[in-house]
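Novice: So that you have it, the file is final.txt, and it contains compact mmCIF, C-alpha atoms and all ligand atoms:
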```
# COMPACT_ATOMS: atom_id res chain seq x y z
CA MET U 263 0.00 0.00 0.00
CA GLU U 264 2.90 2.30 0.77
CA LEU U 265 4.27 1.87 -2.76
CA GLN U 266 0.86 2.50 -4.28
CA ASN U 267 0.30 5.64 -2.20
CA LYS U 268 3.68 7.02 -3.20
CA ILE U 269 2.96 6.43 -6.89
CA ASP U 270 -0.54 7.83 -6.55
CA SER U 271 0.51 11.12 -5.01
CA THR U 272 3.46 11.52 -7.37
CA PHE U 273 1.17 10.99 -10.36
CA GLU U 274 -1.29 13.57 -9.06
CA ASN U 275 1.44 16.14 -8.44
CA ARG U 276 3.09 15.66 -11.78
CA PHE U 277 0.21 15.07 -14.17
CA GLY U 278 -2.94 15.95 -12.18
CA GLY U 279 -5.73 13.46 -11.52
CA HIS U 280 -5.18 9.71 -11.61
CA GLY U 281 -4.55 6.77 -13.88
CA THR U 282 -4.96 3.02 -13.63
CA VAL U 283 -2.45 1.16 -11.46
CA TYR U 284 -0.70 -2.02 -12.62
CA ALA U 285 2.08 -4.19 -11.23
CA SER U 286 4.27 -7.09 -12.16
CA ALA U 287 6.74 -9.12 -10.17
CA GLY U 288 10.36 -10.15 -9.95
CA ARG U 289 11.06 -13.87 -9.87
CA ILE U 290 13.09 -16.67 -8.37
CA ASN U 291 14.01 -19.99 -9.95
CA LEU U 292 13.81 -22.83 -7.47
CA ILE U 293 15.67 -25.37 -9.59
CA GLY U 294 16.57 -26.03 -13.24
CA GLU U 295 19.74 -24.09 -14.02
CA HIS U 296 21.53 -24.01 -17.40
CA THR U 297 18.71 -26.20 -18.69
CA ASP U 298 16.93 -23.66 -20.93
CA TYR U 299 19.40 -23.84 -23.82
CA ASN U 300 19.42 -27.62 -23.52
CA GLY U 301 15.68 -27.89 -24.17
CA GLY U 302 15.04 -28.82 -20.54
CA PHE U 303 12.91 -27.46 -17.71
CA VAL U 304 13.07 -24.40 -15.51
CA PHE U 305 11.03 -23.94 -12.37
CA PRO U 306 10.42 -20.27 -11.56
CA GLY U 307 7.86 -18.39 -9.51
CA ALA U 308 6.91 -14.71 -9.18
CA ILE U 309 7.70 -13.01 -5.87
CA ASP U 310 6.21 -10.38 -3.59
CA LYS U 311 8.56 -7.71 -4.94
CA VAL U 312 7.14 -5.70 -7.81
CA ILE U 313 7.34 -2.82 -10.22
CA MET U 314 4.15 -0.76 -9.97
CA ALA U 315 3.00 1.90 -12.43
CA GLU U 316 0.14 4.35 -12.64
CA ILE U 317 -0.73 5.03 -16.26
CA ARG U 318 -3.23 7.17 -18.18
CA ALA U 319 -3.69 7.77 -21.90
CA ASN U 320 -2.89 11.43 -22.66
CA GLY U 321 -4.45 11.80 -26.11
CA THR U 322 -1.14 12.68 -27.78
CA GLU U 323 1.51 10.67 -29.63
CA LYS U 324 3.97 11.09 -26.80
CA VAL U 325 4.86 8.99 -23.79
CA ARG U 326 5.75 10.93 -20.67
CA VAL U 327 7.10 8.84 -17.85
CA TYR U 328 8.67 9.52 -14.48
CA SER U 329 10.75 7.01 -12.53
CA ILE U 330 10.43 7.68 -8.80
CA ASP U 331 13.33 5.42 -7.79
CA ILE U 332 15.81 6.93 -10.22
CA ASP U 333 14.21 10.40 -9.97
CA ASP U 334 14.36 10.89 -13.69
CA TYR U 335 11.86 11.86 -16.37
CA ALA U 336 11.70 10.78 -20.01
CA GLU U 337 9.56 11.87 -22.91
CA PHE U 338 9.53 10.05 -26.22
CA GLY U 339 7.50 9.38 -29.36
CA LEU U 340 6.42 5.97 -30.54
CA ASN U 341 8.42 5.67 -33.74
CA GLU U 342 11.57 3.59 -34.04
CA ALA U 343 13.69 6.74 -34.29
CA ASP U 344 12.33 8.08 -30.97
CA ALA U 345 14.30 5.80 -28.62
CA PRO U 346 15.07 7.63 -25.37
CA GLU U 347 18.61 7.92 -24.08
CA GLN U 348 18.04 6.78 -20.52
CA SER U 349 18.49 3.05 -20.23
CA TRP U 350 15.57 2.64 -17.81
CA ALA U 351 13.23 4.33 -20.31
CA ARG U 352 14.34 2.05 -23.12
CA TYR U 353 12.62 -0.87 -21.37
CA ILE U 354 9.31 1.00 -21.67
CA PHE U 355 9.98 2.31 -25.17
CA GLY U 356 10.93 -1.25 -26.23
CA VAL U 357 7.67 -2.66 -24.92
CA CYS U 358 5.71 -0.01 -26.86
CA ARG U 359 7.66 -0.74 -30.03
CA GLU U 360 7.33 -4.52 -29.73
CA ILE U 361 3.55 -4.22 -29.30
CA LEU U 362 3.32 -1.93 -32.35
CA LYS U 363 5.53 -4.24 -34.42
CA ARG U 364 3.10 -7.07 -33.71
CA GLY U 365 0.20 -5.01 -35.02
CA GLY U 366 -1.03 -3.98 -31.57
CA LYS U 367 -2.08 -0.47 -30.58
CA VAL U 368 -0.20 1.96 -28.36
CA GLU U 369 -1.01 5.65 -28.00
CA GLY U 370 0.59 8.35 -25.93
CA PHE U 371 0.36 8.01 -22.16
CA ASP U 372 1.55 9.50 -18.90
CA ALA U 373 3.07 7.19 -16.31
CA VAL U 374 4.75 7.20 -12.92
CA PHE U 375 6.41 4.05 -11.63
CA ALA U 376 8.46 2.67 -8.76
CA GLY U 377 9.38 -0.70 -7.36
CA ASN U 378 10.96 -2.83 -4.68
CA VAL U 379 12.65 -5.50 -6.80
CA PRO U 380 16.36 -5.00 -6.09
CA LEU U 381 18.14 -3.93 -9.28
CA GLY U 382 20.70 -6.29 -10.72
CA ALA U 383 20.45 -8.77 -7.82
CA GLY U 384 19.28 -11.66 -9.98
CA LEU U 385 15.57 -11.18 -9.24
CA SER U 386 14.88 -9.72 -12.67
CA SER U 387 13.72 -6.20 -12.01
CA SER U 388 13.95 -5.62 -15.77
CA ALA U 389 11.41 -8.36 -16.53
CA ALA U 390 9.11 -6.93 -13.85
CA LEU U 391 9.33 -3.52 -15.52
CA GLU U 392 8.67 -4.88 -19.02
CA SER U 393 5.83 -7.13 -17.89
CA CYS U 394 4.15 -4.36 -15.92
CA PHE U 395 4.01 -2.08 -18.97
CA ALA U 396 3.23 -4.88 -21.44
CA PHE U 397 0.30 -6.00 -19.29
CA ALA U 398 -0.90 -2.41 -18.81
CA LEU U 399 -0.73 -1.42 -22.49
CA ASN U 400 -2.53 -4.63 -23.44
CA ASP U 401 -5.32 -3.73 -21.02
CA MET U 402 -5.49 -0.03 -21.87
CA PHE U 403 -5.17 -0.07 -25.66
CA ASN U 404 -5.77 -3.62 -26.87
CA ASP U 405 -8.76 -4.97 -24.91
CA ASN U 406 -6.41 -7.67 -23.56
CA SER U 407 -6.31 -9.25 -27.02
CA ILE U 408 -2.59 -10.05 -26.82
CA ASP U 409 -2.21 -13.43 -25.14
CA LYS U 410 -0.05 -13.75 -22.07
CA PHE U 411 2.70 -15.72 -23.72
CA GLU U 412 3.04 -12.99 -26.32
CA LEU U 413 3.32 -10.43 -23.49
CA ALA U 414 6.30 -12.41 -22.17
CA ARG U 415 7.82 -12.49 -25.66
CA ILE U 416 7.32 -8.73 -25.96
CA GLY U 417 9.43 -8.32 -22.81
CA GLN U 418 12.08 -10.72 -24.08
CA SER U 419 12.28 -8.97 -27.48
CA THR U 420 12.59 -5.65 -25.66
CA GLU U 421 15.72 -6.92 -23.91
CA HIS U 422 17.12 -8.27 -27.20
CA ASN U 423 16.31 -5.32 -29.43
CA TYR U 424 16.43 -2.27 -27.15
CA CYS U 425 18.58 -3.17 -24.13
CA GLY U 426 21.32 -5.37 -25.59
CA VAL U 427 20.57 -8.36 -23.35
CA ASN U 428 20.28 -11.68 -25.11
CA CYS U 429 18.07 -13.38 -22.52
CA GLY U 430 15.83 -16.44 -22.59
CA ILE U 431 12.09 -16.35 -21.90
CA MET U 432 12.04 -17.54 -18.27
CA ASP U 433 12.11 -14.18 -16.46
CA GLN U 434 9.32 -12.57 -18.46
CA PHE U 435 7.33 -15.79 -18.46
CA ALA U 436 7.49 -15.98 -14.66
CA SER U 437 6.67 -12.30 -14.24
CA VAL U 438 3.59 -12.54 -16.49
CA PHE U 439 2.23 -15.95 -15.41
CA GLY U 440 3.18 -15.94 -11.73
CA LYS U 441 0.52 -17.17 -9.33
CA GLN U 442 0.42 -16.92 -5.56
CA ASP U 443 1.65 -20.09 -3.79
CA HIS U 444 2.61 -21.75 -7.07
CA LEU U 445 5.79 -22.39 -9.01
CA MET U 446 5.73 -23.13 -12.71
CA ARG U 447 7.55 -25.87 -14.52
CA LEU U 448 8.25 -24.49 -17.96
CA ASP U 449 9.33 -26.89 -20.69
CA CYS U 450 11.82 -24.83 -22.68
CA ARG U 451 11.40 -27.08 -25.72
CA SER U 452 7.61 -27.16 -26.12
CA MET U 453 6.91 -23.99 -24.06
CA GLU U 454 4.22 -25.91 -22.21
CA PHE U 455 3.98 -25.22 -18.53
CA GLU U 456 2.29 -26.48 -15.42
CA TYR U 457 1.65 -24.95 -11.99
CA PHE U 458 2.82 -26.80 -8.88
CA PRO U 459 1.82 -25.84 -5.35
CA PHE U 460 4.50 -24.11 -3.31
CA ASN U 461 3.16 -23.01 0.06
CA PRO U 462 5.37 -24.38 2.80
CA SER U 463 3.92 -23.37 6.14
CA ASP U 464 7.07 -24.18 8.11
CA HIS U 465 9.70 -22.98 5.61
CA LYS U 466 10.67 -19.65 4.10
CA LEU U 467 12.62 -18.77 0.98
CA VAL U 468 15.50 -16.41 1.51
CA LEU U 469 18.09 -15.11 -0.94
CA ILE U 470 21.59 -14.27 0.15
CA ASP U 471 23.21 -11.92 -2.33
CA SER U 472 27.01 -12.17 -2.23
CA ARG U 473 27.27 -8.91 -4.21
CA VAL U 474 30.20 -10.31 -6.14
CA LYS U 475 30.37 -10.88 -9.88
CA HIS U 476 33.47 -12.57 -11.22
CA GLU U 477 32.81 -13.07 -14.90
CA LEU U 478 31.67 -10.10 -16.88
CA ALA U 479 32.23 -11.58 -20.31
CA ASP U 480 29.92 -14.13 -21.91
CA SER U 481 32.74 -16.51 -22.70
CA PRO U 482 32.24 -19.11 -19.90
CA TYR U 483 28.55 -19.26 -20.77
CA ASN U 484 29.31 -19.79 -24.43
CA LYS U 485 31.86 -22.46 -23.56
CA ARG U 486 29.29 -24.37 -21.50
CA ARG U 487 26.83 -24.16 -24.36
CA ALA U 488 29.44 -25.43 -26.80
CA SER U 489 30.20 -28.43 -24.57
CA CYS U 490 26.52 -29.34 -24.42
CA GLU U 491 26.12 -28.98 -28.17
CA ARG U 492 29.16 -31.16 -28.87
CA VAL U 493 27.85 -33.96 -26.67
CA ALA U 494 24.35 -33.75 -28.17
CA LYS U 495 25.85 -33.97 -31.63
CA ARG U 496 27.93 -36.98 -30.65
CA LEU U 497 24.76 -38.63 -29.36
CA GLY U 498 22.88 -37.81 -32.56
CA ILE U 499 20.20 -35.78 -30.77
CA GLU U 500 19.14 -32.17 -31.03
CA THR U 501 19.60 -31.21 -27.38
CA LEU U 502 20.60 -32.93 -24.14
CA ARG U 503 16.92 -32.98 -23.22
CA ASP U 504 16.76 -36.37 -24.94
CA ALA U 505 19.91 -37.78 -23.37
CA THR U 506 20.10 -40.27 -20.51
CA LYS U 507 22.99 -41.10 -18.22
CA GLU U 508 23.33 -44.48 -19.97
CA MET U 509 23.63 -42.83 -23.38
CA LEU U 510 26.26 -40.48 -22.01
CA ASP U 511 28.27 -43.27 -20.40
CA ALA U 512 28.26 -45.18 -23.69
CA VAL U 513 30.23 -42.36 -25.38
CA LYS U 514 32.37 -41.46 -22.39
CA THR U 515 35.63 -42.52 -24.02
CA ASP U 516 34.89 -40.52 -27.20
CA ILE U 517 34.44 -37.14 -25.53
CA THR U 518 36.63 -35.00 -23.29
CA ALA U 519 36.32 -35.38 -19.53
CA GLU U 520 35.19 -31.76 -19.38
CA ASP U 521 32.37 -32.26 -21.87
CA TYR U 522 31.36 -35.43 -20.02
CA PHE U 523 30.90 -33.64 -16.71
CA ARG U 524 29.06 -30.70 -18.31
CA ALA U 525 26.57 -33.07 -19.95
CA LYS U 526 26.26 -35.17 -16.80
CA PHE U 527 25.14 -32.11 -14.87
CA VAL U 528 22.51 -31.17 -17.47
CA ILE U 529 21.07 -34.69 -17.55
CA GLU U 530 20.96 -34.95 -13.76
CA GLU U 531 19.44 -31.47 -13.45
CA LYS U 532 16.56 -32.42 -15.72
CA ASP U 533 15.79 -35.41 -13.51
CA ARG U 534 16.06 -33.27 -10.40
CA VAL U 535 13.43 -30.81 -11.66
CA LEU U 536 11.05 -33.72 -12.19
CA ALA U 537 11.86 -35.09 -8.72
CA VAL U 538 11.10 -31.68 -7.19
CA CYS U 539 7.72 -31.56 -8.97
CA GLN U 540 6.80 -34.89 -7.43
CA ALA U 541 8.07 -33.81 -4.02
CA LEU U 542 6.01 -30.60 -4.13
CA THR U 543 2.93 -32.56 -5.11
CA ASP U 544 3.57 -34.68 -2.02
CA GLY U 545 4.37 -31.65 0.16
CA ASP U 546 7.80 -33.16 0.84
CA TYR U 547 10.05 -30.13 1.34
CA GLU U 548 12.95 -32.20 2.69
CA THR U 549 13.36 -33.81 -0.74
CA VAL U 550 13.05 -30.41 -2.43
CA GLY U 551 15.88 -29.15 -0.24
CA ARG U 552 18.07 -32.18 -0.91
CA CYS U 553 17.68 -31.63 -4.65
CA MET U 554 18.70 -27.98 -4.24
CA TYR U 555 21.96 -29.04 -2.54
CA GLU U 556 22.59 -31.57 -5.32
CA THR U 557 22.10 -28.84 -7.89
CA HIS U 558 24.61 -26.67 -6.08
CA ASP U 559 27.17 -29.47 -6.04
CA GLY U 560 26.60 -30.18 -9.71
CA LEU U 561 26.94 -26.50 -10.65
CA SER U 562 30.05 -26.19 -8.54
CA LYS U 563 31.93 -29.41 -9.34
CA ASP U 564 30.64 -30.70 -12.69
CA TYR U 565 29.47 -27.55 -14.47
CA GLU U 566 32.06 -25.34 -12.75
CA VAL U 567 30.08 -22.12 -12.66
CA SER U 568 30.28 -21.43 -8.92
CA CYS U 569 32.84 -19.33 -7.11
CA GLU U 570 34.48 -19.29 -3.69
CA GLU U 571 31.97 -16.90 -2.14
CA LEU U 572 28.91 -18.89 -3.25
CA ASP U 573 30.44 -22.19 -2.17
CA PHE U 574 31.14 -20.55 1.18
CA LEU U 575 27.51 -19.42 1.56
CA ASN U 576 26.38 -22.92 0.63
CA ASP U 577 28.66 -24.43 3.29
CA VAL U 578 27.30 -22.03 5.91
CA ALA U 579 23.76 -23.06 4.97
CA ARG U 580 24.64 -26.73 5.44
CA GLU U 581 26.28 -26.06 8.78
CA CYS U 582 23.22 -24.13 9.96
CA GLY U 583 20.94 -27.04 9.04
CA VAL U 584 19.17 -25.17 6.22
CA THR U 585 16.82 -27.50 4.30
CA GLY U 586 18.06 -26.58 0.81
CA SER U 587 20.54 -24.11 -0.69
CA ARG U 588 22.06 -23.49 -4.09
CA ILE U 589 23.40 -20.90 -6.48
CA MET U 590 20.59 -19.16 -8.31
CA GLY U 591 21.23 -17.91 -11.84
CA GLY U 592 24.05 -18.44 -14.27
CA GLY U 593 26.80 -18.51 -11.62
CA PHE U 594 30.16 -16.80 -10.95
CA GLY U 595 28.51 -14.59 -8.34
CA GLY U 596 25.09 -13.30 -7.38
CA CYS U 597 22.73 -15.03 -4.96
CA THR U 598 22.12 -18.31 -3.24
CA ILE U 599 18.49 -19.33 -2.82
CA ASN U 600 17.74 -21.02 0.50
CA LEU U 601 14.79 -23.00 1.77
CA VAL U 602 14.91 -22.50 5.53
CA LYS U 603 12.81 -23.77 8.42
CA ASN U 604 11.02 -20.84 10.10
CA ASP U 605 12.67 -21.37 13.46
CA LEU U 606 16.17 -21.43 11.89
CA LEU U 607 15.75 -18.37 9.72
CA ALA U 608 16.91 -15.60 12.05
CA ASP U 609 19.93 -17.61 13.16
CA PHE U 610 20.92 -18.56 9.63
CA VAL U 611 20.66 -15.01 8.28
CA GLU U 612 22.67 -13.66 11.20
CA THR U 613 25.37 -16.32 10.85
CA ALA U 614 25.64 -15.98 7.07
CA LYS U 615 26.00 -12.20 7.29
CA LYS U 616 28.57 -12.34 10.05
CA ARG U 617 30.74 -15.11 8.65
CA PHE U 618 30.65 -13.76 5.11
CA ASN U 619 31.61 -10.33 6.34
CA GLU U 620 34.50 -11.73 8.39
CA LYS U 621 35.86 -13.58 5.37
CA TYR U 622 35.14 -11.21 2.49
CA GLY U 623 34.94 -7.81 4.12
CA HIS U 624 31.37 -6.92 3.19
CA GLU U 625 27.92 -8.08 4.24
CA PRO U 626 25.75 -9.95 1.81
CA LYS U 627 22.26 -8.57 1.15
CA VAL U 628 19.34 -10.64 2.32
CA TYR U 629 15.93 -10.86 0.63
CA GLU U 630 13.08 -12.88 2.03
CA VAL U 631 10.59 -13.72 -0.70
CA ILE U 632 7.05 -15.07 -0.84
CA ILE U 633 5.73 -16.71 -4.00
CA SER U 634 3.07 -14.33 -5.28
CA ASP U 635 1.03 -13.19 -8.29
CA GLY U 636 2.60 -11.91 -11.50
CA ALA U 637 1.30 -9.17 -13.82
CA ARG U 638 -2.03 -7.67 -12.76
CA LYS U 639 -4.21 -4.62 -12.44
CA ILE U 640 -4.02 -3.15 -8.94
CA ALA U 641 -6.68 -0.44 -9.13
CA ASP U 642 -8.91 1.35 -11.63
CA ALA U 643 -8.45 5.07 -12.09
CA LYS U 644 -10.03 7.01 -9.24
P1 LIG F 1 17.92 -7.41 -13.09
O1 LIG F 1 18.69 -8.66 -12.82
O2 LIG F 1 17.40 -6.82 -11.81
O3 LIG F 1 16.87 -7.61 -14.13
P2 LIG F 1 19.02 -5.75 -15.12
O4 LIG F 1 20.34 -5.10 -15.26
O5 LIG F 1 18.58 -6.71 -16.14
O6 LIG F 1 18.97 -6.37 -13.66
O7 LIG F 1 17.90 -4.64 -15.07
C1 LIG F 1 18.03 -3.53 -14.23
C2 LIG F 1 17.62 -2.27 -14.99
O8 LIG F 1 16.17 -2.22 -15.11
C3 LIG F 1 17.99 -1.01 -14.27
O9 LIG F 1 19.31 -0.61 -14.58
C4 LIG F 1 16.94 -0.03 -14.77
O10 LIG F 1 17.30 0.46 -16.05
C5 LIG F 1 15.72 -0.90 -14.92
N1 LIG F 1 14.95 -0.88 -13.65
C6 LIG F 1 14.68 -1.92 -12.85
N2 LIG F 1 13.98 -1.55 -11.76
C7 LIG F 1 13.79 -0.22 -11.88
C8 LIG F 1 13.14 0.77 -11.09
N3 LIG F 1 12.56 0.46 -9.92
N4 LIG F 1 13.15 2.05 -11.54
C9 LIG F 1 13.74 2.38 -12.69
N5 LIG F 1 14.37 1.49 -13.49
C10 LIG F 1 14.40 0.21 -13.09
MG MG F 2 17.32 -8.28 -16.10
```
Could you express the structure from this file as structure tokens?
Ligand code: ADP
Ligand code: MG
Specialist:
Amino acid sequence: MELQNKIDSTFENRFGGHGTVYASAGRINLIGEHTDYNGGFVFPGAIDKVIMAEIRANGTEKVRVYSIDIDDYAEFGLNEADAPEQSWARYIFGVCREILKRGGKVEGFDAVFAGNVPLGAGLSSSAALESCFAFALNDMFNDNSIDKFELARIGQSTEHNYCGVNCGIMDQFASVFGKQDHLMRLDCRSMEFEYFPFNPSDHKLVLIDSRVKHELADSPYNKRRASCERVAKRLGIETLRDATKEMLDAVKTDITAEDYFRAKFVIEEKDRVLAVCQALTDGDYETVGRCMYETHDGLSKDYEVSCEELDFLNDVARECGVTGSRIMGGGFGGCTINLVKNDLLADFVETAKKRFNEKYGHEPKVYEVIISDGARKIADAK
């Protein structure tokens, strides 16, 4: 409510009157890492941290938008040549352009927005921003005729074409489709998805952000992809989605040890996502947690995308008796995601902060998250 009030009064001061209020969420991924480009599964959910915007058509051909958090204002037209300079505004411009390119309608509007998704922490504040505006413009100008998957693609294309980020579909998908108390298993080959209940009464999800980033270049990512592609080719299949451990072992002597361990991780990770789905259906959070630790080990030892700081946080989680813990995201820095019993939470957070600080000289950031709804209308114009 605080966020909404702030946006509401800022809109009134800046533009007069009121618009319609929309929001969309950041996301976590419980399990299923480095699986998207192998045709496998990811398992994200939207969180209770959002970007919220108040928007009103202004009857012109211009968009006028104010970012409360950055305290910056942008004004731009809707033609390709009108791209704003500010990088935050390009996310909104991109969404407008991608809707127009698909034959949808966008007219000028006034908007004020703010959020509480931490920027650049791995919770996808950019997807929350894109999804919020894509959902809003669909509602305001297109009678909700653009289907939700296309809204996610509009966000993804915005990153590709206007922000220089060559991302997959998971973040925008999760932000658009998120549902309270549910995670979604997305099949990155068929794009089919299914909701699974996630509402542990005696556990919480908490992210520990190491605030380190070791690899800025794309090269390790590309190398991992190349390993996976080589093994798939050797197996005569399109992606490792169709591989089994037996198939891999049968070609072990024909491939490098490095490629073997990369492919082994991908195959095991696919099976782990399926195991977690079953465990959630059974309400068995101990198994979910065990799979998370296995994923961490696989990412660290076989896929080799961890780093000292994240392995350290994972060790602290184990020592504190945390149910499950693993790197979240591509690796080489960023967050661990932790499934923690309620009565351990305060102790774990305290210990992780203290021990990390002693060793690395700065405190990690801590974000508790609740699995919540994705893109939605918050309130009609007053
Ligand atoms: P993330 O992992 O959080 O998605 P990105 O670098 O992809 O990190 O996106 C962050 C960018 O999204 C910011 O630099 C900014 O341009 C935009 N952004 C996200 N949240 C906000 C916000 N609350 N206000 C203004 N811009 C935002
Ligand atoms: Mg992003």
Novice: Residues at most 9 Å from ligand LIG 1 (chain F), using only C-alpha atoms and all ligand atoms? Could they come as an mmCIF file with C-alpha atoms, keeping the file's coordinate frame?
Specialist:
```cif
data_model
loop_
_atom_site.group_PDB
_atom_site.id
_atom_site.type_symbol
_atom_site.label_atom_id
_atom_site.label_comp_id
_atom_site.auth_asym_id
_atom_site.auth_seq_id
_atom_site.Cartn_x
_atom_site.Cartn_y
_atom_site.Cartn_z
ATOM 1 C CA GLY U 288 10.360 -10.150 -9.950
ATOM 2 C CA VAL U 312 7.140 -5.700 -7.810
ATOM 3 C CA ILE U 313 7.340 -2.820 -10.220
ATOM 4 C CA MET U 314 4.150 -0.760 -9.970
ATOM 5 C CA TYR U 328 8.670 9.520 -14.480
ATOM 6 C CA SER U 329 10.750 7.010 -12.530
ATOM 7 C CA ILE U 330 10.430 7.680 -8.800
ATOM 8 C CA ASP U 331 13.330 5.420 -7.790
ATOM 9 C CA ILE U 332 15.810 6.930 -10.220
ATOM 10 C CA ASP U 333 14.210 10.400 -9.970
ATOM 11 C CA ASP U 334 14.360 10.890 -13.690
ATOM 12 C CA GLN U 348 18.040 6.780 -20.520
ATOM 13 C CA SER U 349 18.490 3.050 -20.230
ATOM 14 C CA TRP U 350 15.570 2.640 -17.810
ATOM 15 C CA ALA U 351 13.230 4.330 -20.310
ATOM 16 C CA ARG U 352 14.340 2.050 -23.120
ATOM 17 C CA TYR U 353 12.620 -0.870 -21.370
ATOM 18 C CA PHE U 375 6.410 4.050 -11.630
ATOM 19 C CA ALA U 376 8.460 2.670 -8.760
ATOM 20 C CA GLY U 377 9.380 -0.700 -7.360
ATOM 21 C CA ASN U 378 10.960 -2.830 -4.680
ATOM 22 C CA VAL U 379 12.650 -5.500 -6.800
ATOM 23 C CA PRO U 380 16.360 -5.000 -6.090
ATOM 24 C CA LEU U 381 18.140 -3.930 -9.280
ATOM 25 C CA GLY U 382 20.700 -6.290 -10.720
ATOM 26 C CA ALA U 383 20.450 -8.770 -7.820
ATOM 27 C CA GLY U 384 19.280 -11.660 -9.980
ATOM 28 C CA LEU U 385 15.570 -11.180 -9.240
ATOM 29 C CA SER U 386 14.880 -9.720 -12.670
ATOM 30 C CA SER U 387 13.720 -6.200 -12.010
ATOM 31 C CA SER U 388 13.950 -5.620 -15.770
ATOM 32 C CA ALA U 389 11.410 -8.360 -16.530
ATOM 33 C CA ALA U 390 9.110 -6.930 -13.850
ATOM 34 C CA LEU U 391 9.330 -3.520 -15.520
ATOM 35 C CA GLU U 392 8.670 -4.880 -19.020
ATOM 36 C CA GLU U 421 15.720 -6.920 -23.910
ATOM 37 C CA CYS U 425 18.580 -3.170 -24.130
ATOM 38 C CA VAL U 427 20.570 -8.360 -23.350
ATOM 39 C CA ASP U 433 12.110 -14.180 -16.460
#
```
Novice: Kindly indicate which residue among U:Ala608, U:Gly301, U:Gly592, U:Ala345 lies nearest to Ala505 of chain U, using all atoms listed in the file for the distances.
Specialist: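 Closest candidate: U:Gly301.
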Novice: I'd like the neighbourhood of segment 472-474 of chain U as a PyMOL selection string, where a residue qualifies if any of its atoms comes within 9 Å (using only C-alpha atoms), though same-chain residues fewer than 3 positions away should be ignored.
Specialist: chain U and resi 383+571-572+575+594-598+618+624-627
Novice: Quick check, in Å to one decimal: how far apart do atom CA of His444 of chain U and atom CA of Tyr547 of chain U lie?
Specialist: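 Distance reported for this atom pair: 14.0 Å.
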Novice: Using only C-alpha atoms, find each residue in segment 533-633 of chain U having at least one atom no more than 9 Å away from segment 445-463 of chain U; report its shortest atom-to-atom pair and that distance in Å (one decimal), rows by chain then rising number, as a tab-separated table.
Specialist:
```
residue	atom	partner	partner_atom	distance
U:Val535	CA	U:Arg447	CA	8.2
U:Leu536	CA	U:Arg447	CA	8.9
U:Cys539	CA	U:Phe458	CA	6.8
U:Leu542	CA	U:Pro459	CA	6.5
U:Thr543	CA	U:Pro459	CA	6.8
U:Gly545	CA	U:Pro462	CA	7.8
U:Tyr547	CA	U:Pro462	CA	7.6
U:Asn604	CA	U:Ser463	CA	8.5
U:Ile632	CA	U:Asn461	CA	8.9
U:Ile633	CA	U:Phe460	CA	7.5
```
Novice: Take the residues just selected and output them with C-alpha atoms as a PDB file, in the coordinates of the input.
Specialist:
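Wrote it out as out_1.pdb, contents follow:
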```
ATOM      1  CA  VAL U 535      13.430 -30.810 -11.660  1.00  0.00           C
ATOM      2  CA  LEU U 536      11.050 -33.720 -12.190  1.00  0.00           C
ATOM      3  CA  CYS U 539       7.720 -31.560  -8.970  1.00  0.00           C
ATOM      4  CA  LEU U 542       6.010 -30.600  -4.130  1.00  0.00           C
ATOM      5  CA  THR U 543       2.930 -32.560  -5.110  1.00  0.00           C
ATOM      6  CA  GLY U 545       4.370 -31.650   0.160  1.00  0.00           C
ATOM      7  CA  TYR U 547      10.050 -30.130   1.340  1.00  0.00           C
ATOM      8  CA  ASN U 604      11.020 -20.840  10.100  1.00  0.00           C
ATOM      9  CA  ILE U 632       7.050 -15.070  -0.840  1.00  0.00           C
ATOM     10  CA  ILE U 633       5.730 -16.710  -4.000  1.00  0.00           C
TER      11      ILE U 633
END
```
Novice: Do you know which residues lie at most 10 Å from (17.8, -13.4, -25.4), with coordinates as in the file and only C-alpha atoms counted, and could you write them as a PDB file with C-alpha atoms, in the coordinates of the input?
Specialist:
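Written out: result_17.pdb:
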```
ATOM      1  CA  GLN U 418      12.080 -10.720 -24.080  1.00  0.00           C
ATOM      2  CA  SER U 419      12.280  -8.970 -27.480  1.00  0.00           C
ATOM      3  CA  THR U 420      12.590  -5.650 -25.660  1.00  0.00           C
ATOM      4  CA  GLU U 421      15.720  -6.920 -23.910  1.00  0.00           C
ATOM      5  CA  HIS U 422      17.120  -8.270 -27.200  1.00  0.00           C
ATOM      6  CA  ASN U 423      16.310  -5.320 -29.430  1.00  0.00           C
ATOM      7  CA  GLY U 426      21.320  -5.370 -25.590  1.00  0.00           C
ATOM      8  CA  VAL U 427      20.570  -8.360 -23.350  1.00  0.00           C
ATOM      9  CA  ASN U 428      20.280 -11.680 -25.110  1.00  0.00           C
ATOM     10  CA  CYS U 429      18.070 -13.380 -22.520  1.00  0.00           C
ATOM     11  CA  GLY U 430      15.830 -16.440 -22.590  1.00  0.00           C
ATOM     12  CA  ILE U 431      12.090 -16.350 -21.900  1.00  0.00           C
TER      13      ILE U 431
END
```
Novice: Go ahead and compute the interatomic distance for atom CA of Asp564 of chain U and atom CA of Ile290 of chain U, in Å to one decimal.
Specialist: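 Spanning atom CA of Asp564 of chain U to atom CA of Ile290 of chain U is a straight-line distance of 22.9 Å.
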